[in-house]
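Have a look at the structure below, then the notes.
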Amino acid sequence: MAETLLKIENLKKAFGNLEVLKGLSTEIKVGEVVVMIGPSGGGKSTFLRCMNLLETPTEGSILFEGVDIVKADEKTKNRLRSDMGMVFQHFNLFPHLSILDNITLAPRLIRGKSRAEAETEAMKLLARVGLESKAKAYPQQLSGGQKQRVAIVRSLAMEPKVMLFDEPTSALDPEMVGEVLDVMKDLAKNGMTMVVVTHEMRFARDVATRVLFLEGGRITAEGTPEEIFERPHEGRLGEFLGKVKGDQLADADIAHAILKAAEDGVITVSEVEEVLAEAKRREQKAKGGAQA
Amino acid sequence: MKAMRTSKLLSLCGVWTLMVGLASAAQTLTMATEATFPPYEFLRGQEVVGIDVELSRAVAQRLNRPFAVENMDFDSVIPAVISGKAQLAASGITVTPDRKKNVDFSEPYVTTGIVAIYPKTTPYTAPEQLKGKKIGVQGGTTSDTYVLEQLKQEPERFKTTAEACAAMLAGRCAFVIADIAPAKNCVKGEARLALSGFLSSESYAIAVAKGQPELLAAVNATIAAAKADGRLAKWVDDYTAESDKLKEVAASSAEASAKSGVAAWLSAQWRALCDDVYLCFLKKAADGSSRGMYLVRGLGITLEVALASILLGLMLGFFVAVIRSSHDKYGYFPVMNAVAKVYLTIIRGTPMVVQLLITYYIILRSVDSKVLIAILAFGINSGAYQAEIMRAGIVSIDPGQMEAGRALGLSYWQTMLKIILPQAVRNVLPALGNEFIVLMKDTSIVGYIALIDLAKGGDIIRSQTYSVYLPYLTVAAIYLVLVMSFTWLLGRLERYLRNTGADPVHNDS
Ligand SMILES: Nc1ncnc2c1ncn2[C@@H]1O[C@H](COP(=O)(O)OP(=O)(O)OP(=O)(O)O)[C@@H](O)[C@H]1O
Ligand SMILES: [Mg+2]
């Protein structure tokens with residue numbers, strides 16, 4: 001059994017009178033990919049943000065490598081955060097800095113790396129996500145998918161022990177979802193410990209080692225992807241899965257499959273683009289018809 | 001030279017004829033004067049009036065003789081009594097040994113001059129004490145010239161002698177030098193101050209031809225009587241008031257009289273302008289530098305004060321803005337936030353001039369450098385305004401930026417400095433630039449603490465030359481050029497930031 005990286009016990013968080021997390025307990029082991037799913041407002045983001053102390057829990061403890069980080073002093077908290085990467089739904093790149101500076105800022109400031117050293121490492125990471133040509137660009141000049149890949153690289157540059165993802169593909173156009181998920185898969189394959197909040201069920205099924213279902217501030221279901229996805233469920237989880245499968249899972253699945261096929265050389269990229277363009281045209285036609 | 005001699009000879013002949021002709025009649029007592037020295041003698045229309053005229057008329061009355069006034073060149077006044085063309089020479093004449101050889105002088109009827117006013121705690125004993133000390137004067141007066149020419153140093157110039165005295169009591173200067181009349185006024189109600197003897201003085205007396213003891217006695221008796229019964233003092237007051245009023249009228253009618261043909265008018269204006277340029281900017285002042293140097297050095301002070309206080313204000317503004325917005329958003333720094341609020345309220349609720357004076361006279365009264373005082377006063381003032389501008393900029397930044405910074409492990413302040421502030425500044429650059437421009441022009445009030453900036457430099461030239469247009473318009477033009485260059489630089493900076501592609505407002509990618 002791998003060692004425990006994060007141990008969360010009876011975690012509670014309230015905003016004023018609103019209790020958002022009502023006592024969560026779970027363990028995250030080194031190398032695990034934990035996917036959190038659940039209805040909107042269930043507290044997934046809040047849970048994730050408590051893990052790296054962007055939110056201060058009202059009760060309970062979070063042990064990171066055996067140390068309770070909730071009670072740590074400000075300096076220790078800063079160091080702990082630098083050991084946990086976080087990727088946001090809206091990227092949150094720094095618009096006034098070039099891509100290279102976005103990535104090297106924290107390693108230079110916190111890890112005390114020289115500019116040259118930090119930039120060499122940044123370029124290696126950019127190459128890994130296929131964006132080394134964008135090193136001198138600014139965030140505005142990138143597409144959403146490219147921005148999110150840069151955001152992942154920015155976190156990776158700190159060599160974190162765990163990566164937290166909060167709906168990393170939700171703000172992306174469908175055709176850009178795949179490129180980001182691929183980077184995440186690659187990370188998982190290389191043994192990165194990850195906690196991912198996502199609605200991409202296909203990703204959850206293929207990559208997760210464990211799935212948590214968060215609802216009303218509690219973990220109401222937990223298990224391997226097979227346990228969660230392949231077995232029929234009663235109650236909220238069943239409802240939830242039925243809904244995402246109905247509207248989103250299918251589309252994402254198809255798009256992903258097409259892109260994968262293009263990558264593997266089964267069909268050409270231009271053919272894919274044609275299919276996507278045609279799909280878009282139909283969609284718009286359908287929308288226009290509905291309005292008229 | 002020759003022409004003058006001839007005319008003097010002619011007038012001598014004329015006097016002889018007169019004396020022969022009127023030898024037996026009750027002789028007219030004629031007063032020789034040059035009526036260009038108000039309030040002693042000046043023209044009221046065609047009539048010569050003034051203190052000297054009243055005094056001479058009183059002599060004629062005492063002798064029961066008719067009275068007449070001859071208006072002539074000052075150079076001719078003493079020769080006129082020597083020659084007998086006139087009996088009294090009264091033209092604000094100072095008694096000198098040279099003159100004493102040629103004529104007899106009455107007792108002096110007026111003694112004027114400048115004196116030092118000093119605090120009784122540091123008594124004044126000898127003129128050597130003044131050298132190298134800070135000396136307050138009313139700008140543009142003979143005292144101003146005295147300090148420049150006799151002591152060879154720059155005085156501290158104030159609007160009035162009373163203001164200079166107040167500054168001295170506040171420890172801002174060691175002595176004040178002033179004309180005797182205003183000096184007496186200042187010391188009258190102020191037990192802490194005392195007057196020295198004259199630093200330089202002039203005594204005016206009436207001259208008569210030698211060998212006329214009766215006439216001289218009559219003159220002295222008249223002077224003594226006029227002094228005793230207060231007539232002399234009343235004349236001084238009345239004619240001083242009248243001549244002051246005349247000066248103003250003369251200034252305004254000078255413009256009105258300059259017409260008759262556009263070309264003539266233009267060329268006259270051009271000549272006047274050239275004269276003015278020479279007088280105001282090129283003519284060497286007492287210390288050997290031209291008057292224009294007041295503007296050059298003043299510009300230096302203006303730039304020094306403006307730039308340094310902009311920087312100070314920027315730092316203060318950043319700090320206060322971060323405190324305020326951190327408190328509003330996260331509840332950090334409650335104590336410092338309260339202090340910052342008090343600071344903002346006081347600074348934005350009181351006039352800049354008052355803040356400057358309070359800094360100068362009360363808070364930093366022991367600080368010697370007025371430039372430093374001005375920088376602190378303006379920097380602290382501008383900090384309040386820049387803080388509110390910066391706060392708006394900080395609030396406008398997406399909270400995700402702070403979260404991303406913190407999530408990377410940066411501390412709150414590191415995130416503020418490296419991520420939030422650079423973006424905030426960019427967003428509020430136009431508003432900040434505007435504040436800088438306002439500040440640059442606001443420094444023109446440093447004259448209140450006797451610091452000679454650009455505006456005060458122009459004012460000094462005006463007070464020394466009595467020329468109004470050129471000094472002030474030049475000063476205005478220099479300010480305009482300063483502001484325009486600054487606006488241009490700011491525009492370049494904005495464009496540069498936009499071109500880096502990093503401008504969050506003009507996102508055109
Ligand atoms: N800073 C905050 N102040 C007050 N209430 C908050 C705050 N952040 C979150 N909440 C509330 O907490 C509840 C849980 O929010 P959270 O963002 O964790 O849900 P979620 O599971 O991530 O939902 P979604 O899928 O929509 O992102 C919501 O009702 C939300 O309104
Ligand atoms: Mg969320």
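Letters for chains follow the order of the structure tokens (A, B, ...), residue numbers begin at 1 for each chain, and ligand numbers begin at 1 in the order shown.
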
Open item on the list: Give me, as a list in words, the set of residues whose atoms come within 8 Å of any atom of ligand 2, counting only C-alpha atoms and all ligand atoms.
Closed with: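 Those within range of ligand 2 are Ser40, Gly41, Gly43, Lys44, Ser45, Thr46, Asp166, Glu167 and Val197 of chain A.
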
Please save N, CA and C atoms of the selected residues as a compact mmCIF listing (two decimals), in the first residue's frame.
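Ended up saving to result_11.txt:
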```
# COMPACT_ATOMS: atom_id res chain seq x y z
N SER A 40 -24.04 20.79 -8.71
CA SER A 40 -23.58 22.15 -8.46
C SER A 40 -23.95 22.59 -7.04
N GLY A 41 -23.02 23.29 -6.39
CA GLY A 41 -23.29 23.77 -5.03
C GLY A 41 -23.06 22.71 -3.97
N GLY A 43 -20.27 21.58 -2.90
CA GLY A 43 -19.11 21.88 -2.07
C GLY A 43 -17.81 21.34 -2.60
N LYS A 44 -17.78 20.92 -3.87
CA LYS A 44 -16.56 20.35 -4.44
C LYS A 44 -15.41 21.38 -4.45
N SER A 45 -15.74 22.58 -4.98
CA SER A 45 -14.69 23.62 -5.04
C SER A 45 -14.22 23.97 -3.65
N THR A 46 -15.16 24.15 -2.75
CA THR A 46 -14.80 24.53 -1.38
C THR A 46 -13.87 23.47 -0.75
N ASP A 166 -9.72 22.18 -10.48
CA ASP A 166 -11.12 22.53 -10.25
C ASP A 166 -11.80 22.81 -11.59
N GLU A 167 -12.48 21.82 -12.13
CA GLU A 167 -13.17 21.91 -13.41
C GLU A 167 -12.28 22.54 -14.48
N VAL A 197 -11.74 17.87 -9.81
CA VAL A 197 -13.18 18.09 -9.88
C VAL A 197 -13.52 18.24 -11.35
```

Could you list, with a cut-off of 9 Å and counting only C-alpha atoms and all ligand atoms, the residues of chain A near ligand 1, each shown with its nearest atom pair and the distance in Å rounded to one decimal, rows sorted by chain and ascending number, as CSV?
```
residue,atom,partner,partner_atom_place_in_ligand_line,distance
A:Lys13,CA,ligand 1,12 (O),9.0
A:Ala14,CA,ligand 1,5 (N),8.0
A:Phe15,CA,ligand 1,4 (C),4.9
A:Gly16,CA,ligand 1,4 (C),7.4
A:Leu18,CA,ligand 1,5 (N),7.0
A:Glu19,CA,ligand 1,12 (O),7.7
A:Val20,CA,ligand 1,12 (O),5.1
A:Leu21,CA,ligand 1,14 (C),7.9
A:Ile37,CA,ligand 1,21 (O),8.2
A:Gly38,CA,ligand 1,21 (O),6.6
A:Pro39,CA,ligand 1,25 (O),5.8
A:Ser40,CA,ligand 1,25 (O),3.5
A:Gly41,CA,ligand 1,19 (O),3.5
A:Gly42,CA,ligand 1,21 (O),3.8
A:Gly43,CA,ligand 1,18 (O),3.2
A:Lys44,CA,ligand 1,21 (O),3.7
A:Ser45,CA,ligand 1,22 (O),3.6
A:Thr46,CA,ligand 1,18 (O),3.7
A:Phe47,CA,ligand 1,18 (O),6.4
A:Leu48,CA,ligand 1,18 (O),8.0
A:Arg49,CA,ligand 1,18 (O),8.3
A:Glu55,CA,ligand 1,1 (N),8.3
A:Asp166,CA,ligand 1,22 (O),7.9
A:Glu167,CA,ligand 1,27 (O),7.6
A:Val197,CA,ligand 1,22 (O),8.0
A:Thr198,CA,ligand 1,25 (O),8.4
A:His199,CA,ligand 1,25 (O),8.6
A:Leu214,CA,ligand 1,21 (O),7.4
A:Glu215,CA,ligand 1,21 (O),7.6
A:Gly216,CA,ligand 1,14 (C),8.2
A:Gly217,CA,ligand 1,14 (C),7.6
```

Open item on the list: Could you list, as a list in words, every residue within 8 Å of region 2-8 of chain A, counting only C-alpha atoms and ignoring same-chain residues fewer than 2 positions away?
Closed with: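 Neighbouring residues, sequence-local ones excluded: Asn10, Leu11, Leu24, Ser25, Thr26, Glu27, Ile28, Lys29, Val30, Gly31, Gly60, Ser61, Ile62, Leu63, Phe64, Glu65 and Gly66 of chain A.
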
File of the preceding selection, C-alpha atoms, as a CSV table (one decimal), in the first residue's frame:
```
chain,number,residue,atom,x,y,z
A,10,ASN,CA,-14.1,15.6,9.8
A,11,LEU,CA,-13.6,18.7,7.7
A,24,LEU,CA,-15.7,15.2,5.3
A,25,SER,CA,-13.2,12.5,5.9
A,26,THR,CA,-11.0,10.8,3.3
A,27,GLU,CA,-7.4,9.9,2.6
A,28,ILE,CA,-5.4,10.5,-0.6
A,29,LYS,CA,-2.5,8.3,-1.2
A,30,VAL,CA,0.6,9.0,-3.2
A,31,GLY,CA,0.0,8.3,-6.9
A,60,GLY,CA,-11.5,19.3,11.4
A,61,SER,CA,-7.9,18.6,10.4
A,62,ILE,CA,-5.9,18.2,7.2
A,63,LEU,CA,-2.7,16.2,7.5
A,64,PHE,CA,-0.3,16.8,4.7
A,65,GLU,CA,2.5,14.2,5.0
A,66,GLY,CA,1.5,13.7,8.6
```

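Compared by their closest atoms to chain B, and using only C-alpha atoms, the residues A:Ala279, A:Val34, A:Ala221, A:Ile152 rank with A:Ile152 nearest.
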
Task: Nearest candidate to chain A (options B:Glu242, B:Asp459, B:Glu34, B:Glu403; using only C-alpha atoms) - done: B:Glu403

Task: chain A contacts to chain B at 10 Å (only C-alpha atoms) as a ChimeraX atom specification - done: /A:49,52-54,74-98,102,105-107,109-111,137-143,151,154-158,160,164

Would you write out those residues with C-alpha atoms, as a JSON list (two decimals), in the first residue's frame?
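Generated file (part.json):
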```
[["chain", "number", "residue", "atom", "x", "y", "z"],
["A", 49, "ARG", "CA", -9.77, 25.02, -1.80],
["A", 52, "ASN", "CA", -4.49, 24.00, -0.05],
["A", 53, "LEU", "CA", -5.85, 26.45, 2.52],
["A", 54, "LEU", "CA", -7.21, 29.01, 0.09],
["A", 74, "GLU", "CA", 1.44, 31.71, 7.68],
["A", 75, "LYS", "CA", 4.98, 30.98, 6.53],
["A", 76, "THR", "CA", 4.49, 27.23, 6.70],
["A", 77, "LYS", "CA", 1.19, 27.56, 4.88],
["A", 78, "ASN", "CA", 2.90, 29.40, 2.03],
["A", 79, "ARG", "CA", 5.49, 26.63, 1.78],
["A", 80, "LEU", "CA", 2.79, 23.96, 1.86],
["A", 81, "ARG", "CA", 0.85, 25.68, -0.92],
["A", 82, "SER", "CA", 3.97, 25.73, -3.06],
["A", 83, "ASP", "CA", 4.00, 21.93, -2.73],
["A", 84, "MET", "CA", 0.43, 21.66, -4.01],
["A", 85, "GLY", "CA", -0.36, 22.74, -7.54],
["A", 86, "MET", "CA", -3.78, 24.16, -8.35],
["A", 87, "VAL", "CA", -5.45, 24.58, -11.72],
["A", 88, "PHE", "CA", -8.55, 26.77, -11.97],
["A", 89, "GLN", "CA", -11.57, 26.72, -14.21],
["A", 90, "HIS", "CA", -10.73, 30.20, -15.54],
["A", 91, "PHE", "CA", -6.97, 29.59, -15.88],
["A", 92, "ASN", "CA", -6.04, 32.73, -13.87],
["A", 93, "LEU", "CA", -2.87, 33.30, -15.85],
["A", 94, "PHE", "CA", -1.14, 36.60, -15.08],
["A", 95, "PRO", "CA", -2.04, 38.81, -18.06],
["A", 96, "HIS", "CA", 0.81, 41.27, -17.53],
["A", 97, "LEU", "CA", 3.49, 38.57, -17.76],
["A", 98, "SER", "CA", 4.68, 36.58, -20.74],
["A", 102, "ASN", "CA", 4.06, 33.25, -15.75],
["A", 105, "LEU", "CA", 7.80, 33.69, -11.41],
["A", 106, "ALA", "CA", 7.14, 31.32, -8.51],
["A", 107, "PRO", "CA", 10.22, 29.07, -8.96],
["A", 109, "LEU", "CA", 10.68, 33.90, -6.04],
["A", 110, "ILE", "CA", 10.08, 30.90, -3.81],
["A", 111, "ARG", "CA", 12.54, 28.22, -4.86],
["A", 137, "ALA", "CA", 3.62, 35.29, -26.04],
["A", 138, "TYR", "CA", 1.19, 36.85, -23.58],
["A", 139, "PRO", "CA", -1.88, 35.04, -22.21],
["A", 140, "GLN", "CA", -4.32, 37.03, -24.37],
["A", 141, "GLN", "CA", -2.68, 35.66, -27.48],
["A", 142, "LEU", "CA", -3.52, 32.06, -26.53],
["A", 143, "SER", "CA", -6.66, 29.96, -27.01],
["A", 151, "ALA", "CA", -1.65, 27.01, -16.25],
["A", 154, "ARG", "CA", 2.89, 26.88, -14.23],
["A", 155, "SER", "CA", 1.86, 24.60, -11.36],
["A", 156, "LEU", "CA", 4.18, 21.80, -12.45],
["A", 157, "ALA", "CA", 7.14, 24.17, -12.45],
["A", 158, "MET", "CA", 6.95, 24.16, -8.66],
["A", 160, "PRO", "CA", 4.29, 19.84, -6.52],
["A", 164, "LEU", "CA", -5.60, 19.98, -7.54]]
```

Task: Surrounding residues of Asp75 (chain B) excluding itself and chain neighbours under 6 positions, 12 Å, only C-alpha atoms, as number ranges by chain - done: B: 4, 8, 32-34, 81, 89, 91, 93, 99

Open item on the list: Would you compute the distance between CA of Ala188 (chain A) and CA of Met163 (chain A)? Give it in Å to one decimal.
Closed with: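 It comes out at 10.0 Å.
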
Enumerate, as a compact mmCIF listing (two decimals) with C-alpha atoms, in the first residue's frame, the complete set of residues in region 254-376 of chain B that a backbone-based DSSP assignment places in helix (DSSP H, G or I).
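The resulting file, result.txt, is reproduced below:
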```
# COMPACT_ATOMS: atom_id res chain seq x y z
CA ALA B 254 0.10 104.16 -19.61
CA GLU B 255 -1.60 101.51 -21.70
CA ALA B 256 -4.38 103.80 -22.76
CA SER B 257 -2.08 106.54 -24.05
CA VAL B 262 -1.13 100.54 -35.91
CA ALA B 263 2.46 100.48 -37.19
CA ALA B 264 3.65 102.94 -34.61
CA TRP B 265 1.75 101.06 -32.01
CA LEU B 266 3.24 97.77 -33.10
CA SER B 267 6.79 99.05 -33.19
CA ALA B 268 6.31 100.67 -29.81
CA GLN B 269 5.01 97.40 -28.45
CA TRP B 270 7.92 95.54 -29.97
CA ARG B 271 10.40 97.91 -28.41
CA ALA B 272 8.60 97.69 -25.11
CA LEU B 273 8.72 93.92 -25.34
CA CYS B 274 12.45 93.92 -26.07
CA ASP B 275 13.04 96.27 -23.17
CA ASP B 276 10.92 94.05 -21.01
CA VAL B 277 12.79 90.92 -22.00
CA TYR B 278 16.06 92.63 -21.18
CA LEU B 279 14.78 93.98 -17.91
CA CYS B 280 13.09 90.83 -16.73
CA PHE B 281 15.43 88.09 -17.85
CA LEU B 282 18.80 89.36 -19.06
CA GLY B 292 16.22 84.94 -15.75
CA MET B 293 18.16 82.74 -13.35
CA TYR B 294 15.26 83.08 -10.91
CA LEU B 295 13.20 81.11 -13.41
CA VAL B 296 15.95 78.59 -14.15
CA ARG B 297 16.64 77.89 -10.50
CA GLY B 298 12.92 78.03 -9.76
CA LEU B 299 12.24 75.46 -12.45
CA GLY B 300 14.85 73.23 -10.81
CA ILE B 301 13.09 73.54 -7.45
CA THR B 302 9.68 72.93 -9.02
CA LEU B 303 10.89 69.76 -10.76
CA GLU B 304 12.72 68.56 -7.67
CA VAL B 305 9.72 69.05 -5.39
CA ALA B 306 7.22 67.70 -7.93
CA LEU B 307 9.13 64.56 -8.90
CA ALA B 308 10.21 63.64 -5.38
CA SER B 309 6.73 64.16 -3.97
CA ILE B 310 5.17 62.16 -6.80
CA LEU B 311 7.46 59.27 -5.88
CA LEU B 312 6.76 59.66 -2.17
CA GLY B 313 3.05 59.87 -2.91
CA LEU B 314 3.28 56.78 -5.08
CA MET B 315 4.86 54.73 -2.31
CA LEU B 316 2.45 56.04 0.32
CA GLY B 317 -0.45 55.57 -2.05
CA PHE B 318 0.49 51.96 -2.80
CA PHE B 319 0.86 51.19 0.85
CA VAL B 320 -2.39 52.79 1.94
CA ALA B 321 -4.31 51.34 -1.01
CA VAL B 322 -3.08 47.84 -0.20
CA ILE B 323 -4.00 48.25 3.48
CA ARG B 324 -7.43 49.61 2.66
CA SER B 325 -8.36 47.06 -0.01
CA SER B 326 -6.92 44.16 2.01
CA HIS B 327 -9.05 45.21 4.93
CA ASP B 328 -12.19 45.59 2.85
CA LYS B 329 -11.72 42.24 1.14
CA TYR B 330 -10.12 39.99 3.72
CA PRO B 334 -7.67 46.53 11.13
CA VAL B 335 -5.49 48.98 13.06
CA MET B 336 -3.52 50.23 10.08
CA ASN B 337 -6.76 50.53 8.15
CA ALA B 338 -8.18 52.82 10.82
CA VAL B 339 -5.03 54.94 10.73
CA ALA B 340 -5.20 55.06 6.92
CA LYS B 341 -8.81 56.21 7.05
CA VAL B 342 -7.94 59.05 9.42
CA TYR B 343 -5.06 60.01 7.14
CA LEU B 344 -7.28 60.07 4.06
CA THR B 345 -9.97 62.08 5.82
CA ILE B 346 -7.61 64.73 7.14
CA ILE B 347 -5.55 65.13 4.00
CA ARG B 348 -8.49 65.21 1.64
CA GLY B 349 -10.50 67.43 3.98
CA MET B 352 -3.05 71.98 0.50
CA VAL B 353 -1.79 75.45 1.49
CA VAL B 354 -2.86 74.92 5.08
CA GLN B 355 -1.14 71.53 5.16
CA LEU B 356 2.02 73.11 3.78
CA LEU B 357 1.98 75.88 6.38
CA ILE B 358 1.26 73.48 9.24
CA THR B 359 4.13 71.26 8.12
CA TYR B 360 6.45 74.26 7.88
CA TYR B 361 5.50 76.13 11.04
CA ILE B 362 4.41 73.36 13.37
CA ILE B 363 5.28 69.80 12.51
CA LYS B 370 12.48 73.91 2.79
CA VAL B 371 12.75 71.65 -0.24
CA LEU B 372 12.49 68.64 2.06
CA ILE B 373 9.53 70.17 3.87
CA ALA B 374 7.77 70.82 0.57
CA ILE B 375 8.47 67.30 -0.68
CA LEU B 376 7.06 65.80 2.52
```

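For Ala221 (chain B), the non-local neighbours within 10 Å, defined as residues at least 5 positions apart in the same chain or in other chains and counting only C-alpha atoms, are Val59, Arg62, Ser106, Glu107, Leu215, Leu216, Ala226 and Lys227 of chain B.
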
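Among the candidates B:Glu202, B:Glu41, B:Asp144, B:Glu494, the one nearest to Ile460 (chain B) when counting only C-alpha atoms is B:Asp144.
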
TODO: List the neighbours of Pro182 (chain B) out to 12 Å using only C-alpha atoms; skip same-chain residues closer than 6 positions along the sequence, and give me the result as a list in words.
DONE: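 Neighbouring residues, sequence-local ones excluded: Thr112, Gly113, Ile114, Val115, Ala116, Ile117, Val137, Gln138, Thr141, Ser143, Thr160, Thr161, Ala162, Glu163, Ala164, Cys165, Val176, Lys188 and Leu195 of chain B.
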
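Residues in contact range of Glu154 (chain B), defined as at most 9 Å between only C-alpha atoms, with sequence neighbours fewer than 4 positions away removed, read Lys134, Ile135, Asp144, Val147, Leu148 and Asp287 of chain B.
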
- [ ] Just list the residues in region 1-202 of chain A DSSP gives strand (DSSP E) on the backbone, as a PyMOL selection string.
- [x] chain A and resi 4-15+18-29+33-37+59-64+67-68+84-87+162-166+193-197

TODO: Provide the CA of Ala178 (chain B) to CA of Thr36 (chain B) distance in Å, to one decimal place.
DONE: 23.7 Å

TODO: Rounded to one decimal place, report the CA of Thr142 (chain B)-CA of Gln464 (chain B) distance in Å.
DONE: 10.0 Å
